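**Q** Here's a structure for you.
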Amino acid sequence: MQILSVLQEHFRQVLSGWVEDPEKYVQMIAPARDSRNGDYQANLAMSLAKSLGRKPQEVAQEIVGKLDMADMWLQPEVAGPGFINLRLQDDFLASSLPQVASGENLSVDKCENSKTFVIDYSSPNVAKPMHVGHIRTTVIGDALARILRFLGHQVISDNHLGDWGTQFGMIIYGYRNFRDDAAFEQQPVAELSRIYRAVQAIVGYQSALPKVTEAEQKVATAQKQLDDLEANPDPDAKAQKKARKAALRSLNNAKEDLEGLQAKVEAVSSAPDLLELAEQHPAIEKKSQLETAKLHSGDEENLDLWKKFVPISLQEIDSAYERLDIKFDHTFGESFYHPMLPGVVQKLTEQGLAREDNGAICVFLDEFATPMIIQKSDGAFLYSTTDLATIDYRMEHFKPDAILYVVDHRQGEHFEKLFAAARKIGYEDVELNHVSFGTVLGKDGKPFKTRSGTVMGLDLLLDEAVQAAYSVVCDPERLANSGLQDLTEEEKLHIANTVGLGAIKYSDLSHNRVNDYKFDIGEMVQLTGDTGTYIQYMYARTQSIIAKSGVDVNCKIVADFPVQLAEPAERALVLQLLQFEDALNQSVESYYPNVLTAYLYGLAKQFASFFIECRVNDAASEELKQSRLAICFAVGRVLEKGLGLLGIGVVPRM
RNA sequence: GGCUCGAUGGUGAAACGGAAAUCAUCUCUGGCUUCUAACCAGAAGUUCCGGGUUCGAGUCCUGGUCGGGCUGCCA
């Protein structure tokens, strides 16, 4: 049940007919941050008093006097400047636990106004290797889809594959000119990947090579400027400082540019086979672009190659999804929308929403200085064109209330323009939301991205996480100390897999998505701290206690166990269990999965306190033992379900 | 230049405008050897700086500083 909404309803009844905007005040009720201030707190009396011109404490008292909530609450208390502190009755908590322990949906109600969501996430480029950057969109999108579904919403997940991009020109060119037939026969995925990387490296090499000298000069110039500045400082100290800073900055920029170029050159010049190819195939970028253009204009040979390559690349992508347990309802890639693009441009032009400017077809938007270009001067369409076609398609076929785009924050402006254009077209009722997220950084704080072709492929990354999990969780000494020496190697591998993959997902989801975050596998699999591993471990402990109880604990039996809340740790734990639904709702309100991870971590920690303070299997009485078993069982269910909604599995022993 | 996002103990993070800023981690001290010690207690802050709004500001507004991103034909 949603305790918060029940509580808000009590206040709504008191406030309506008394104040103008009761909703505004009802929103000021929240779970107490500190248990010393009750279970929930209403912080509305202060601001209400202000608008009424009365004393806050007096107003708080009056509200408390009018509240009728003896059903499940203790008498509210007014504290401090006018806080109303609310505490649930122990009887209510105790009698509600069986619903969590036995109820089909863990006492979570299906929401009343179910909405239809289209969630657009993951969207890898076919034929480009997947890497760490794809994890965030995939994991966040998947978690949102699962949570919204569990709450009773209709969710359509759509993987907007990049299957029509310029990478195909590169692969087609490479395939024609330097494929290894035997390799392609045996391992087509690997061979295509090799071809793609080779062409990409050569493109980088050929474009970087002529720029190196210039970049070196820029570094020298910047260095000289800085030296001059230090030799002849500006008499004005402040101006000098500013000028020096600017000079230092441009020097650093120049150095970074140069290093980037050198890395690209180095990547090829240090590999004799690539160097040879680079010399045999000058202007490979241009040639690749021609192949792409041919493909897009319907050239049959290239189209045949495309049809041959796409399923091969998809195999690799699908195996990653399988490992991560990710499923989509639809996978409409860019190629799916390609035939609709001329129509989109034509329609917008006819409606007067788009017009030609400098050879390109643009949609001008009042809020933006630059237009959204929907057709290039060479006639080619862009990402924005495809996105508009996609909105058309989704609105027509899915009739959604909301479309969520789980895409990194660099595309913020693109989506703002896209949404503005969509509204102009007439899609005004649908919620269009860019669920943006920050960059994944390496341990050094720099973007965890490809520098000179040294990409950490997704598969390797997952392997590494599983391995790290194995060494932490399956450490022989630990297993011996924990009574787990009987685990077979197969079981250990299963545990490491669940823990390793869970660790990556949890780490990603537990960070506020708008911030950048550092990707550190070692940290993620730690058994202490705010990690998925810790929560999985606490789950295993609930199961371990149940297994040792000698009682066949299951949903049906637990429903009849009497619940006692003698210890503070028991009460706090049960309260937390009943707040699961509140946490889920808050989590999807603005699409922040870290709200749910924080809840689960809190629950796990609360269970750890309970574990220390409340003996279960040698409790003072049989009734107390049953009560505590019911609590353990409910905690296990909520942890399992909560992690499950994040796409993370559990194991009974670890 | 314009737009935009960020800055919180040494490190990494959390906090619908609410009370005394919450956790983890490192280091140090002290505890158990009890259903898995993966635990418990103690030691760290001018929430980047200045103004403002508010009964109340890490949170909102404004001006700086620093950093990331975007900025007409990439996605």
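All residue names refer to the structure tokens as shown: chains lettered A, B, ... in order, residues numbered from 1 in each chain, ligands numbered from 1 in order.
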Give me, as a compact mmCIF listing (two decimals) with N, CA and C atoms, in the first residue's frame, the contact residues of chain A against chain B at a cut-off of 7 Å, counting only C-alpha atoms (C1' of nucleotides).
**A**
```txt
# COMPACT_ATOMS: atom_id res chain seq x y z
N ASN A 43 5.42 19.30 6.69
CA ASN A 43 6.11 20.58 6.91
C ASN A 43 5.33 21.73 6.29
N MET A 46 4.18 25.93 8.45
CA MET A 46 4.94 27.19 8.43
C MET A 46 4.53 28.06 7.25
N ALA A 360 20.14 23.90 -47.31
CA ALA A 360 19.62 22.85 -46.44
C ALA A 360 18.18 23.15 -46.07
N THR A 370 19.88 28.60 -33.58
CA THR A 370 20.17 27.85 -34.81
C THR A 370 19.00 26.93 -35.12
N PRO A 371 18.77 26.70 -36.39
CA PRO A 371 17.62 25.87 -36.77
C PRO A 371 17.93 24.38 -36.60
N ILE A 373 18.24 21.22 -38.69
CA ILE A 373 18.36 20.87 -40.10
C ILE A 373 17.79 19.48 -40.31
N LYS A 376 20.26 17.79 -45.50
CA LYS A 376 21.51 18.48 -45.81
C LYS A 376 21.47 19.02 -47.23
N SER A 377 22.39 19.92 -47.51
CA SER A 377 22.41 20.53 -48.85
C SER A 377 22.74 19.49 -49.92
N TYR A 383 19.89 12.58 -38.45
CA TYR A 383 19.36 12.02 -37.22
C TYR A 383 18.02 12.66 -36.85
N ARG A 410 24.91 14.83 -23.83
CA ARG A 410 25.46 15.67 -24.89
C ARG A 410 24.43 15.96 -25.97
N GLU A 413 20.59 19.38 -26.44
CA GLU A 413 20.05 20.42 -27.31
C GLU A 413 19.31 19.83 -28.50
N SER A 482 32.64 -18.84 6.03
CA SER A 482 31.22 -18.56 5.91
C SER A 482 30.38 -19.83 5.78
N GLY A 483 31.01 -20.95 5.95
CA GLY A 483 30.27 -22.20 5.85
C GLY A 483 29.80 -22.49 4.43
N LEU A 527 32.03 -5.98 -0.95
CA LEU A 527 30.95 -6.55 -0.14
C LEU A 527 30.44 -5.59 0.92
N THR A 528 31.12 -4.47 1.08
CA THR A 528 30.61 -3.46 1.99
C THR A 528 30.34 -2.20 1.19
N GLY A 529 29.54 -1.35 1.76
CA GLY A 529 29.24 -0.09 1.08
C GLY A 529 28.01 -0.22 0.22
N ASP A 530 27.74 0.86 -0.50
CA ASP A 530 26.52 0.92 -1.30
C ASP A 530 26.74 0.22 -2.64
N ILE A 545 19.10 -17.77 7.08
CA ILE A 545 18.37 -17.89 8.35
C ILE A 545 17.15 -18.79 8.17
N LYS A 548 18.03 -22.38 7.97
CA LYS A 548 18.45 -23.00 9.23
C LYS A 548 17.34 -23.10 10.25
N VAL A 616 16.94 -14.92 15.48
CA VAL A 616 15.74 -15.50 14.91
C VAL A 616 15.56 -16.94 15.38
N ASN A 617 16.54 -17.76 15.03
CA ASN A 617 16.35 -19.20 15.25
C ASN A 617 16.51 -19.64 16.69
```
**Q** Give the strand (DSSP E) residues of stretch 272-491 of chain A, as DSSP finds them on the backbone, and put them as an NGL selection string.
**A** :A and (354-357 or 360-363 or 372-375 or 402-408 or 431-437 or 440-441)
**Q** Could the residues in this selection be written to a file with C-alpha atoms, as a PDB file, in the first residue's frame?
**A**
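So the final result, stored in result.pdb, reads:
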```pdb
ATOM      1  CA  ALA A 354      10.392  23.963 -42.722  1.00  0.00           C
ATOM      2  CA  ARG A 355      12.119  25.950 -45.415  1.00  0.00           C
ATOM      3  CA  GLU A 356      15.296  25.957 -47.447  1.00  0.00           C
ATOM      4  CA  ASP A 357      18.208  27.986 -46.148  1.00  0.00           C
ATOM      5  CA  ALA A 360      19.617  22.847 -46.444  1.00  0.00           C
ATOM      6  CA  ILE A 361      16.039  22.302 -45.339  1.00  0.00           C
ATOM      7  CA  CYS A 362      15.623  23.735 -41.867  1.00  0.00           C
ATOM      8  CA  VAL A 363      12.995  24.007 -39.186  1.00  0.00           C
ATOM      9  CA  MET A 372      17.111  22.146 -36.768  1.00  0.00           C
ATOM     10  CA  ILE A 373      18.358  20.866 -40.096  1.00  0.00           C
ATOM     11  CA  ILE A 374      16.316  18.024 -41.505  1.00  0.00           C
ATOM     12  CA  GLN A 375      17.929  17.672 -44.904  1.00  0.00           C
ATOM     13  CA  ALA A 402       4.897   9.616 -22.883  1.00  0.00           C
ATOM     14  CA  ILE A 403       8.003   8.932 -24.918  1.00  0.00           C
ATOM     15  CA  LEU A 404      11.226   8.670 -22.946  1.00  0.00           C
ATOM     16  CA  TYR A 405      14.613   8.943 -24.599  1.00  0.00           C
ATOM     17  CA  VAL A 406      17.354   7.477 -22.458  1.00  0.00           C
ATOM     18  CA  VAL A 407      20.302   9.111 -24.153  1.00  0.00           C
ATOM     19  CA  ASP A 408      23.427  10.803 -22.851  1.00  0.00           C
ATOM     20  CA  GLU A 431       5.114  13.929 -22.672  1.00  0.00           C
ATOM     21  CA  LEU A 432       8.408  13.996 -24.527  1.00  0.00           C
ATOM     22  CA  ASN A 433      11.239  13.534 -22.119  1.00  0.00           C
ATOM     23  CA  HIS A 434      14.969  13.319 -22.556  1.00  0.00           C
ATOM     24  CA  VAL A 435      16.094  11.119 -19.677  1.00  0.00           C
ATOM     25  CA  SER A 436      19.668  12.257 -19.932  1.00  0.00           C
ATOM     26  CA  PHE A 437      22.711  10.971 -18.131  1.00  0.00           C
ATOM     27  CA  VAL A 440      31.184   7.353 -17.833  1.00  0.00           C
ATOM     28  CA  LEU A 441      34.693   8.209 -16.691  1.00  0.00           C
TER      29      LEU A 441
END
```
**Q** Might you pull out every residue within 8 Å of stretch 26-41 of chain A, with only C-alpha atoms (C1' of nucleotides) counted and same-chain residues fewer than 2 positions away left off, and present them as an NGL selection string?
**A** (:A and (4 or 8 or 11-12 or 22-24 or 43-44 or 83-88)) or (:B and (16))
**Q** Which residues are close to B:A44, i.e. within 12 Å by only C-alpha atoms (C1' of nucleotides), leaving aside same-chain residues fewer than 2 positions away? Reply as a list in words.
**A**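 These residues fall inside the cut-off: G9, G10, C26, U27, C28 and G42 of chain B.
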**Q** What would the file look like if the residues just selected were written as a compact mmCIF listing (two decimals), in the first residue's frame with N, CA and C atoms (P, O5', C5', C4', C3', O3' and C1' of nucleotides)?
**A**
```
# COMPACT_ATOMS: atom_id res chain seq x y z
P G B 9 34.13 18.27 -0.32
O5' G B 9 34.97 17.83 0.95
C5' G B 9 34.75 16.58 1.56
C4' G B 9 35.21 16.71 2.99
C3' G B 9 36.42 15.86 3.32
O3' G B 9 37.34 16.63 4.07
C1' G B 9 34.64 15.39 4.81
P G B 10 38.45 17.48 3.22
O5' G B 10 39.52 16.37 2.86
C5' G B 10 40.72 16.77 2.20
C4' G B 10 41.42 15.56 1.62
C3' G B 10 40.62 14.81 0.57
O3' G B 10 40.77 15.39 -0.71
C1' G B 10 41.49 13.28 2.15
P C B 26 38.50 0.70 3.39
O5' C B 26 39.65 1.81 3.42
C5' C B 26 40.49 1.99 2.29
C4' C B 26 41.38 3.18 2.51
C3' C B 26 42.09 3.22 3.85
O3' C B 26 43.26 2.45 3.82
C1' C B 26 41.12 5.33 3.41
P U B 27 43.64 1.55 5.09
O5' U B 27 44.09 2.62 6.17
C5' U B 27 45.25 3.41 5.94
C4' U B 27 45.33 4.51 6.96
C3' U B 27 45.19 4.06 8.41
O3' U B 27 46.40 3.55 8.93
C1' U B 27 43.80 5.93 8.05
P C B 28 46.34 2.32 9.98
O5' C B 28 45.85 3.04 11.32
C5' C B 28 46.68 4.02 11.93
C4' C B 28 45.95 4.71 13.05
C3' C B 28 45.29 3.78 14.08
O3' C B 28 46.22 3.22 14.99
C1' C B 28 43.79 5.51 13.52
P G B 42 29.25 6.25 17.72
O5' G B 42 30.77 6.66 17.94
C5' G B 42 31.18 7.23 19.18
C4' G B 42 32.67 7.43 19.19
C3' G B 42 33.23 8.36 18.12
O3' G B 42 33.01 9.73 18.42
C1' G B 42 34.63 6.48 18.35
```
